[in-house]
>>> print(open('entry38.txt').read())   # compact mmCIF, C-alpha atoms
# COMPACT_ATOMS: atom_id res chain seq x y z
CA MET X 37 64.33 123.65 129.19
CA GLY X 38 65.98 126.62 127.54
CA HIS X 39 69.62 127.65 127.83
CA GLY X 40 69.76 131.05 129.47
CA GLU X 41 72.82 133.31 129.32
CA GLY X 42 73.49 132.85 133.01
CA GLU X 43 73.57 129.07 132.84
CA ALA X 44 76.87 127.28 133.37
CA GLN X 45 78.29 125.81 130.17
CA VAL X 46 77.48 122.08 130.07
CA SER X 47 80.35 119.99 128.79
CA ASN X 48 79.21 117.04 126.75
CA LEU X 49 80.25 115.43 123.46
CA THR X 50 78.03 117.67 121.32
CA GLY X 51 79.26 120.84 123.00
CA SER X 52 82.89 119.77 122.80
CA LEU X 53 82.47 118.97 119.10
CA ARG X 54 80.79 122.36 118.48
CA ARG X 55 83.72 124.20 120.09
CA TRP X 56 86.38 121.97 118.49
CA LEU X 57 85.19 122.08 114.86
CA PRO X 58 85.62 125.86 114.31
CA SER X 59 89.05 125.68 115.96
CA LEU X 60 90.28 123.33 113.20
CA VAL X 61 90.43 126.01 110.54
CA SER X 62 88.85 129.43 110.15
CA ALA X 63 86.49 130.13 107.24
CA GLU X 64 89.02 132.67 105.88
CA ASP X 65 91.79 130.07 105.83
CA LEU X 66 89.52 127.31 104.51
CA LEU X 67 88.24 129.28 101.50
CA PRO X 68 90.74 132.05 100.76
CA GLU X 69 90.07 134.47 97.91
CA GLU X 70 93.72 135.43 97.63
CA LEU X 71 96.74 133.18 97.48
CA PRO X 72 100.37 134.07 98.18
CA GLU X 73 102.36 135.48 95.26
CA TYR X 74 104.78 132.53 95.33
CA THR X 75 101.97 130.11 94.39
CA ARG X 76 101.79 131.71 90.92
CA SER X 77 103.60 128.66 89.54
CA TYR X 78 102.28 125.60 87.76
CA VAL X 79 104.09 123.39 90.26
CA TYR X 80 101.45 124.35 92.84
CA LEU X 81 98.70 122.98 90.56
CA PHE X 82 99.71 119.31 90.77
CA GLY X 83 97.81 118.77 94.05
CA ALA X 84 94.64 120.35 92.64
CA LEU X 85 94.96 118.24 89.47
CA THR X 86 95.24 115.11 91.66
CA LEU X 87 92.08 116.17 93.48
CA GLY X 88 90.34 116.81 90.14
CA SER X 89 91.26 113.31 88.98
CA PHE X 90 89.81 111.91 92.22
CA VAL X 91 86.51 113.73 91.58
CA CYS X 92 86.37 112.21 88.05
CA LEU X 93 87.14 108.80 89.60
CA VAL X 94 84.31 109.03 92.12
CA ALA X 95 81.79 110.27 89.52
CA SER X 96 82.66 107.54 86.97
CA GLY X 97 82.97 104.92 89.73
CA LEU X 98 79.51 105.69 91.11
CA THR X 99 78.08 105.30 87.59
CA LEU X 100 79.85 101.95 87.15
CA ALA X 101 78.63 100.76 90.57
CA LEU X 102 75.04 101.71 89.69
CA PHE X 103 74.92 99.60 86.53
CA GLY X 104 77.36 96.77 87.31
CA PRO X 105 79.89 94.60 85.42
CA GLY X 106 77.36 93.31 82.87
CA TRP X 107 76.85 96.91 81.72
CA TRP X 108 80.44 98.13 81.69
CA HIS X 109 81.59 95.11 79.65
CA ILE X 110 78.78 95.03 77.09
CA SER X 111 77.28 98.45 76.35
CA ALA X 112 79.09 101.20 74.43
CA VAL X 113 78.28 103.78 77.13
CA GLY X 114 79.50 101.33 79.77
CA HIS X 115 82.80 100.93 77.89
CA PHE X 116 83.12 104.70 77.72
CA ILE X 117 82.48 105.26 81.46
CA ASN X 118 84.82 102.36 82.24
CA SER X 119 87.51 104.07 80.16
CA ILE X 120 86.89 107.40 81.95
CA HIS X 121 87.39 105.55 85.25
CA PHE X 122 90.59 103.90 83.97
CA TRP X 123 92.13 107.10 82.57
CA SER X 124 91.16 109.02 85.74
CA VAL X 125 93.31 106.54 87.67
CA GLN X 126 96.20 107.11 85.28
CA CYS X 127 95.82 110.88 85.73
CA LEU X 128 95.51 110.52 89.51
CA PHE X 129 98.80 108.65 89.85
CA PHE X 130 100.52 110.83 87.22
CA PHE X 131 99.67 114.05 89.08
CA MET X 132 100.02 112.55 92.57
CA VAL X 133 103.61 111.50 91.84
CA LEU X 134 104.36 114.95 90.34
CA HIS X 135 102.81 116.50 93.49
CA LEU X 136 105.04 114.21 95.59
CA TRP X 137 108.16 115.21 93.62
CA ALA X 138 107.26 118.90 93.98
CA GLN X 139 106.60 118.70 97.73
CA PHE X 140 109.69 116.57 98.34
CA SER X 141 111.95 118.92 96.37
CA MET X 142 110.75 121.95 98.37
CA ALA X 143 110.87 120.07 101.74
CA ALA X 144 107.17 120.73 102.25
CA TRP X 145 107.20 119.33 105.81
CA ARG X 146 108.77 122.64 107.00
CA GLY X 147 106.97 124.99 109.39
CA GLY X 148 104.95 122.41 111.29
CA ARG X 149 103.66 120.75 108.12
CA GLY X 150 104.88 117.26 109.11
CA PRO X 151 101.36 115.87 109.71
CA THR X 152 100.31 117.09 106.23
CA TRP X 153 103.24 115.16 104.76
CA VAL X 154 102.37 111.99 106.74
CA VAL X 155 98.69 112.12 105.70
CA GLY X 156 99.84 112.59 102.08
CA ALA X 157 101.99 109.48 102.38
CA LEU X 158 99.01 107.55 103.80
CA LEU X 159 96.93 108.77 100.85
CA PHE X 160 99.56 107.46 98.45
CA VAL X 161 99.51 103.99 100.08
CA SER X 162 95.68 103.97 100.23
CA SER X 163 95.53 104.88 96.54
CA ILE X 164 97.74 101.90 95.69
CA ILE X 165 95.33 99.60 97.58
CA ALA X 166 92.41 101.28 95.75
CA ALA X 167 94.07 100.75 92.37
CA PHE X 168 94.94 97.12 93.18
CA THR X 169 91.41 96.21 94.30
CA GLY X 170 90.12 98.10 91.25
CA TYR X 171 92.18 95.95 88.90
CA LEU X 172 90.80 92.88 90.73
CA SER X 173 87.22 94.15 90.28
CA GLN X 174 87.31 94.45 86.50
CA GLN X 175 85.66 91.04 86.02
CA ASN X 176 87.78 90.11 83.02
CA LEU X 177 90.79 87.88 82.25
CA ASP X 178 93.18 90.58 83.49
CA SER X 179 91.60 90.65 86.95
CA GLN X 180 91.57 86.83 87.17
CA TRP X 181 95.24 86.72 86.15
CA ILE X 182 96.20 89.39 88.70
CA ALA X 183 94.22 87.62 91.47
CA VAL X 184 95.73 84.19 90.82
CA SER X 185 99.25 85.64 90.47
CA GLY X 186 98.95 87.88 93.52
CA LYS X 187 97.32 85.50 96.01
CA ASP X 188 100.64 83.74 96.74
CA ALA X 189 102.21 87.08 97.67
CA MET X 190 99.35 87.76 100.11
CA ASN X 191 99.70 84.25 101.60
CA ALA X 192 103.47 84.70 101.86
CA VAL X 193 103.08 87.79 104.05
CA GLY X 194 100.38 86.10 106.15
CA ILE X 195 97.31 88.15 105.21
CA GLY X 196 95.77 85.74 102.68
CA ALA X 197 93.05 84.72 105.14
CA PHE X 198 91.92 88.34 105.63
CA PHE X 199 92.59 89.69 102.14
CA ASN X 200 91.60 87.01 99.64
CA LEU X 201 92.31 88.20 96.10
CA LEU X 202 90.19 85.38 94.66
CA ASN X 203 87.12 86.65 96.55
CA PHE X 204 85.53 89.09 94.10
CA GLY X 205 82.89 90.23 96.61
CA GLN X 206 85.52 91.16 99.18
CA MET X 207 87.75 92.97 96.67
CA TYR X 208 84.81 94.83 95.11
CA SER X 209 83.43 95.85 98.53
CA ILE X 210 86.83 97.11 99.62
CA HIS X 211 87.21 98.97 96.33
CA ILE X 212 83.84 100.72 96.25
CA ALA X 213 83.15 101.22 99.98
CA VAL X 214 86.10 100.88 102.35
CA VAL X 215 88.90 102.47 100.35
CA PRO X 216 86.90 105.47 99.03
CA LEU X 217 85.75 106.28 102.58
CA VAL X 218 89.32 106.09 103.89
CA ILE X 219 90.70 108.12 100.97
CA GLY X 220 87.89 110.70 101.18
CA GLY X 221 88.50 111.14 104.91
CA LEU X 222 92.26 111.42 104.47
CA ILE X 223 91.79 113.98 101.67
CA GLY X 224 89.61 116.03 104.03
CA VAL X 225 92.26 115.92 106.76
CA HIS X 226 95.02 116.69 104.20
CA LEU X 227 93.15 119.76 102.89
CA ILE X 228 92.33 121.07 106.38
CA LEU X 229 95.99 120.70 107.39
CA VAL X 230 97.10 122.49 104.20
CA ARG X 231 94.67 125.33 104.92
CA ARG X 232 95.68 125.56 108.60
CA ARG X 233 99.39 125.93 107.89
CA GLY X 234 99.12 127.67 104.53
CA LEU X 235 100.83 126.62 101.29
CA VAL X 236 104.51 125.96 101.82
CA PRO X 237 106.70 128.83 100.53
CA PRO X 238 109.70 128.12 98.29
CA LEU X 239 112.94 127.28 100.14
CA ALA X 240 114.52 130.54 98.98
CA ASP X 241 111.69 132.60 100.52
CA ASP X 242 112.08 130.78 103.83
CA ALA X 243 115.85 131.42 103.83
CA VAL X 244 115.26 135.15 103.25
CA ALA X 245 112.64 135.23 106.03
CA ARG X 246 115.16 133.62 108.43
CA GLY X 247 117.75 136.20 107.43
CA ASP X 248 120.30 133.76 106.05
CA GLY X 249 119.35 134.17 102.40
CA ARG X 250 122.15 135.19 100.07
CA GLU X 251 121.51 138.20 97.94
CA GLY X 252 122.13 138.29 94.23
CA MET A 124 96.53 97.58 72.34
CA ALA A 125 95.17 94.87 74.64
CA GLY A 126 96.95 91.53 74.22
CA ALA A 127 99.87 93.00 72.26
CA VAL A 128 103.38 91.91 73.32
CA PRO A 129 105.04 94.85 75.12
CA HIS A 130 108.45 96.09 73.99
CA TYR A 131 111.08 96.23 76.72
CA VAL A 132 114.17 98.37 77.22
CA GLN A 133 116.99 96.48 78.97
CA TRP A 134 119.74 98.39 80.77
CA GLY A 135 121.75 96.15 83.10
CA LEU A 136 119.42 95.07 85.89
CA VAL A 137 116.79 97.58 84.79
CA SER A 138 114.01 96.25 82.59
CA ILE A 139 111.13 98.57 81.68
CA THR A 140 108.47 98.63 78.99
CA VAL A 141 108.75 101.35 76.35
CA ALA A 142 105.27 102.59 77.35
CA ASN A 143 106.28 103.04 81.01
CA LEU A 144 109.55 104.68 79.98
CA LEU A 145 107.60 107.16 77.83
CA VAL A 146 105.26 107.97 80.73
CA LEU A 147 108.27 108.51 83.03
CA GLY A 148 109.85 110.83 80.46
CA LEU A 149 106.58 112.74 80.07
CA MET A 150 106.35 113.14 83.87
CA MET A 151 109.85 114.60 83.99
CA VAL A 152 109.02 117.03 81.18
CA VAL A 153 105.75 118.13 82.87
CA PHE A 154 107.56 118.49 86.22
CA ALA A 155 110.31 120.64 84.68
CA ALA A 156 107.69 122.76 82.90
CA GLY A 157 105.71 123.12 86.15
CA VAL A 158 108.80 124.37 87.97
CA ALA A 159 109.89 126.71 85.18
CA LEU A 160 106.58 128.24 84.09
CA ARG A 161 104.68 130.94 85.96
CA LEU A 162 100.91 131.24 85.93
CA PRO A 163 99.63 134.37 84.19
CA GLU A 164 99.17 137.40 86.46
CA HIS A 165 95.69 137.69 87.92
CA GLN A 166 95.10 140.55 90.32
CA ALA A 167 92.04 139.03 91.96
CA THR A 168 93.62 135.72 93.01
CA CYS A 169 97.19 136.63 93.89
CA GLY A 170 98.04 138.88 96.76
CA PRO A 171 100.56 139.32 99.53
CA ARG A 172 98.73 136.81 101.76
CA ARG A 173 101.07 134.01 102.81
CA GLY A 174 98.50 131.40 103.70
CA GLY A 175 97.80 132.62 107.17
CA GLY A 176 97.23 129.66 109.57
CA PRO A 177 98.53 129.30 113.08
CA GLY A 178 101.88 128.09 111.80
CA GLU A 179 102.64 131.29 109.93
>>> encode(input="entry38.txt", output="structure tokens")
Amino acid sequence: MGHGEGEAQVSNLTGSLRRWLPSLVSAEDLLPEELPEYTRSYVYLFGALTLGSFVCLVASGLTLALFGPGWWHISAVGHFINSIHFWSVQCLFFFMVLHLWAQFSMAAWRGGRGPTWVVGALLFVSSIIAAFTGYLSQQNLDSQWIAVSGKDAMNAVGIGAFFNLLNFGQMYSIHIAVVPLVIGGLIGVHLILVRRRGLVPPLADDAVARGDGREG
Amino acid sequence: MAGAVPHYVQWGLVSITVANLLVLGLMMVVFAAGVALRLPEHQATCGPRRGGGPGE
């Protein structure tokens, strides 16, 4: 049966989702061609550099997952991709902490941007879990040492039965499936929130806009 | 180098490897440079737009 113009609008999950999705962020705000003048500073690049590191991580991680530990420990190409994955993590945390310093120093939760800040904090914690399970998934002496040393800490806080560092399968599954899905989803929410509210202006600009900025 | 004994810097209660201290120093330098330096002017990407969403 077709949907004529005169028909009453049926409210179901699909229809609600269709109306809700475009209300999240407009296409103009999602993919802007122009950015505010105040973003012409390198300090606004740290977030994009963090995202770039994440893309490198996913690409190298997918390659490692395709071929497995036997490959990344033995073959020269495997060593190379493994190193790309490792250095992408270093870059991710390097730029993420710089992004955190930058956003903290300009009080980036202003103007209704609190949820963006909270999702960013969740991303930081999720990334630590991703890095930890990654170290445990290396399949070398380092990962065994970290697992045996860390298991007592997990038992001490009462989560050893659910998060067993000595269980390679569990740590590897969390690292390559659970955590990337959570982080990918949170990044999506973070970016949509950033686009909805716009990039946070410098504190001085906000003071001028409120009319309490000092001249000179 | 893997397996090498790390060098530590001791300062009261603070104990940190030289490698980590260098990374921290580099982060501070990059942060200061990021705050101080401006991106080159590019007419096509910078305009008066202030980000636009419902919160603006």
>>> closest_atom_pairs(input="entry38.txt", of="chain X", to="chain A", cutoff="7 Å", atoms="all atoms listed in the file", output="Markdown table")
| residue | atom | partner | partner_atom | distance |
| --- | --- | --- | --- | --- |
| X:Asp65 | CA | A:Gly176 | CA | 6.6 |
| X:Glu69 | CA | A:Thr168 | CA | 6.2 |
| X:Glu70 | CA | A:Thr168 | CA | 4.6 |
| X:Leu71 | CA | A:Cys169 | CA | 5.0 |
| X:Pro72 | CA | A:Arg173 | CA | 4.7 |
| X:Glu73 | CA | A:Cys169 | CA | 5.5 |
| X:Arg76 | CA | A:Leu162 | CA | 5.1 |
| X:Ser77 | CA | A:Arg161 | CA | 4.4 |
| X:Tyr78 | CA | A:Gly157 | CA | 4.5 |
| X:Val79 | CA | A:Gly157 | CA | 4.4 |
| X:Leu134 | CA | A:Phe154 | CA | 6.3 |
| X:Gly147 | CA | A:Gly178 | CA | 6.4 |
| X:Gly148 | CA | A:Gly178 | CA | 6.5 |
| X:Arg231 | CA | A:Gly176 | CA | 6.9 |
| X:Arg232 | CA | A:Gly176 | CA | 4.5 |
| X:Arg233 | CA | A:Gly176 | CA | 4.6 |
| X:Gly234 | CA | A:Gly174 | CA | 3.9 |
| X:Leu235 | CA | A:Gly174 | CA | 5.8 |
>>> write_last_selection(input="entry38.txt", atoms="C-alpha atoms", output="PDB file, in the frame of the given file")
ATOM      1  CA  ASP X  65      91.790 130.070 105.830  1.00  0.00           C
ATOM      2  CA  GLU X  69      90.070 134.470  97.910  1.00  0.00           C
ATOM      3  CA  GLU X  70      93.720 135.430  97.630  1.00  0.00           C
ATOM      4  CA  LEU X  71      96.740 133.180  97.480  1.00  0.00           C
ATOM      5  CA  PRO X  72     100.370 134.070  98.180  1.00  0.00           C
ATOM      6  CA  GLU X  73     102.360 135.480  95.260  1.00  0.00           C
ATOM      7  CA  ARG X  76     101.790 131.710  90.920  1.00  0.00           C
ATOM      8  CA  SER X  77     103.600 128.660  89.540  1.00  0.00           C
ATOM      9  CA  TYR X  78     102.280 125.600  87.760  1.00  0.00           C
ATOM     10  CA  VAL X  79     104.090 123.390  90.260  1.00  0.00           C
ATOM     11  CA  LEU X 134     104.360 114.950  90.340  1.00  0.00           C
ATOM     12  CA  GLY X 147     106.970 124.990 109.390  1.00  0.00           C
ATOM     13  CA  GLY X 148     104.950 122.410 111.290  1.00  0.00           C
ATOM     14  CA  ARG X 231      94.670 125.330 104.920  1.00  0.00           C
ATOM     15  CA  ARG X 232      95.680 125.560 108.600  1.00  0.00           C
ATOM     16  CA  ARG X 233      99.390 125.930 107.890  1.00  0.00           C
ATOM     17  CA  GLY X 234      99.120 127.670 104.530  1.00  0.00           C
ATOM     18  CA  LEU X 235     100.830 126.620 101.290  1.00  0.00           C
TER      19      LEU X 235
END
>>> atom_distance(input="entry38.txt", atom1="atom CA of X:Thr86", atom2="atom CA of X:Ile228")
16.1 Å
>>> atom_distance(input="entry38.txt", atom1="atom CA of X:Ala166", atom2="atom CA of X:His121")
12.4 Å
>>> residues_around(input="entry38.txt", residues="A:Val132", least_positions_apart="4", cutoff="12 Å", atoms="all atoms listed in the file", output="PDB file with C-alpha atoms, in the frame of the given file")
ATOM      1  CA  LEU A 136     119.420  95.070  85.890  1.00  0.00           C
ATOM      2  CA  VAL A 137     116.790  97.580  84.790  1.00  0.00           C
ATOM      3  CA  SER A 138     114.010  96.250  82.590  1.00  0.00           C
ATOM      4  CA  ILE A 139     111.130  98.570  81.680  1.00  0.00           C
ATOM      5  CA  THR A 140     108.470  98.630  78.990  1.00  0.00           C
ATOM      6  CA  VAL A 141     108.750 101.350  76.350  1.00  0.00           C
ATOM      7  CA  ALA A 142     105.270 102.590  77.350  1.00  0.00           C
ATOM      8  CA  ASN A 143     106.280 103.040  81.010  1.00  0.00           C
ATOM      9  CA  LEU A 144     109.550 104.680  79.980  1.00  0.00           C
ATOM     10  CA  LEU A 145     107.600 107.160  77.830  1.00  0.00           C
TER      11      LEU A 145
END
>>> residues_around(input="entry38.txt", residues="stretch 212-222 of chain X", least_positions_apart="6", cutoff="9 Å", atoms="all atoms listed in the file", output="list in words")
Val94, Gly97, Leu98, Ala101, Val155, Gly156, Leu158, Leu159, Ser162, Ser163, Ile165, Ala166 and Gly170 of chain X
>>> residues_around(input="entry38.txt", residues="X:Arg149", least_positions_apart="2", cutoff="9 Å", atoms="only C-alpha atoms", output="list of chain:residue names")
X:Ala144, X:Trp145, X:Arg146, X:Gly147, X:Pro151, X:Thr152, X:Trp153, X:Val154, X:Leu229, X:Val230, X:Arg233, X:Val236, A:Gly178
>>> write_last_selection(input="entry38.txt", atoms="C-alpha atoms", output="JSON list (two decimals), keeping the file's coordinate frame")
[["chain", "number", "residue", "atom", "x", "y", "z"],
["X", 144, "ALA", "CA", 107.17, 120.73, 102.25],
["X", 145, "TRP", "CA", 107.20, 119.33, 105.81],
["X", 146, "ARG", "CA", 108.77, 122.64, 107.00],
["X", 147, "GLY", "CA", 106.97, 124.99, 109.39],
["X", 151, "PRO", "CA", 101.36, 115.87, 109.71],
["X", 152, "THR", "CA", 100.31, 117.09, 106.23],
["X", 153, "TRP", "CA", 103.24, 115.16, 104.76],
["X", 154, "VAL", "CA", 102.37, 111.99, 106.74],
["X", 229, "LEU", "CA", 95.99, 120.70, 107.39],
["X", 230, "VAL", "CA", 97.10, 122.49, 104.20],
["X", 233, "ARG", "CA", 99.39, 125.93, 107.89],
["X", 236, "VAL", "CA", 104.51, 125.96, 101.82],
["A", 178, "GLY", "CA", 101.88, 128.09, 111.80]]
>>> residues_around(input="entry38.txt", residues="X:Gly83", least_positions_apart="3", cutoff="10 Å", atoms="only C-alpha atoms", output="VMD selection string")
chain X and resid 79 to 80 86 to 89 128 131 to 136 138 to 139
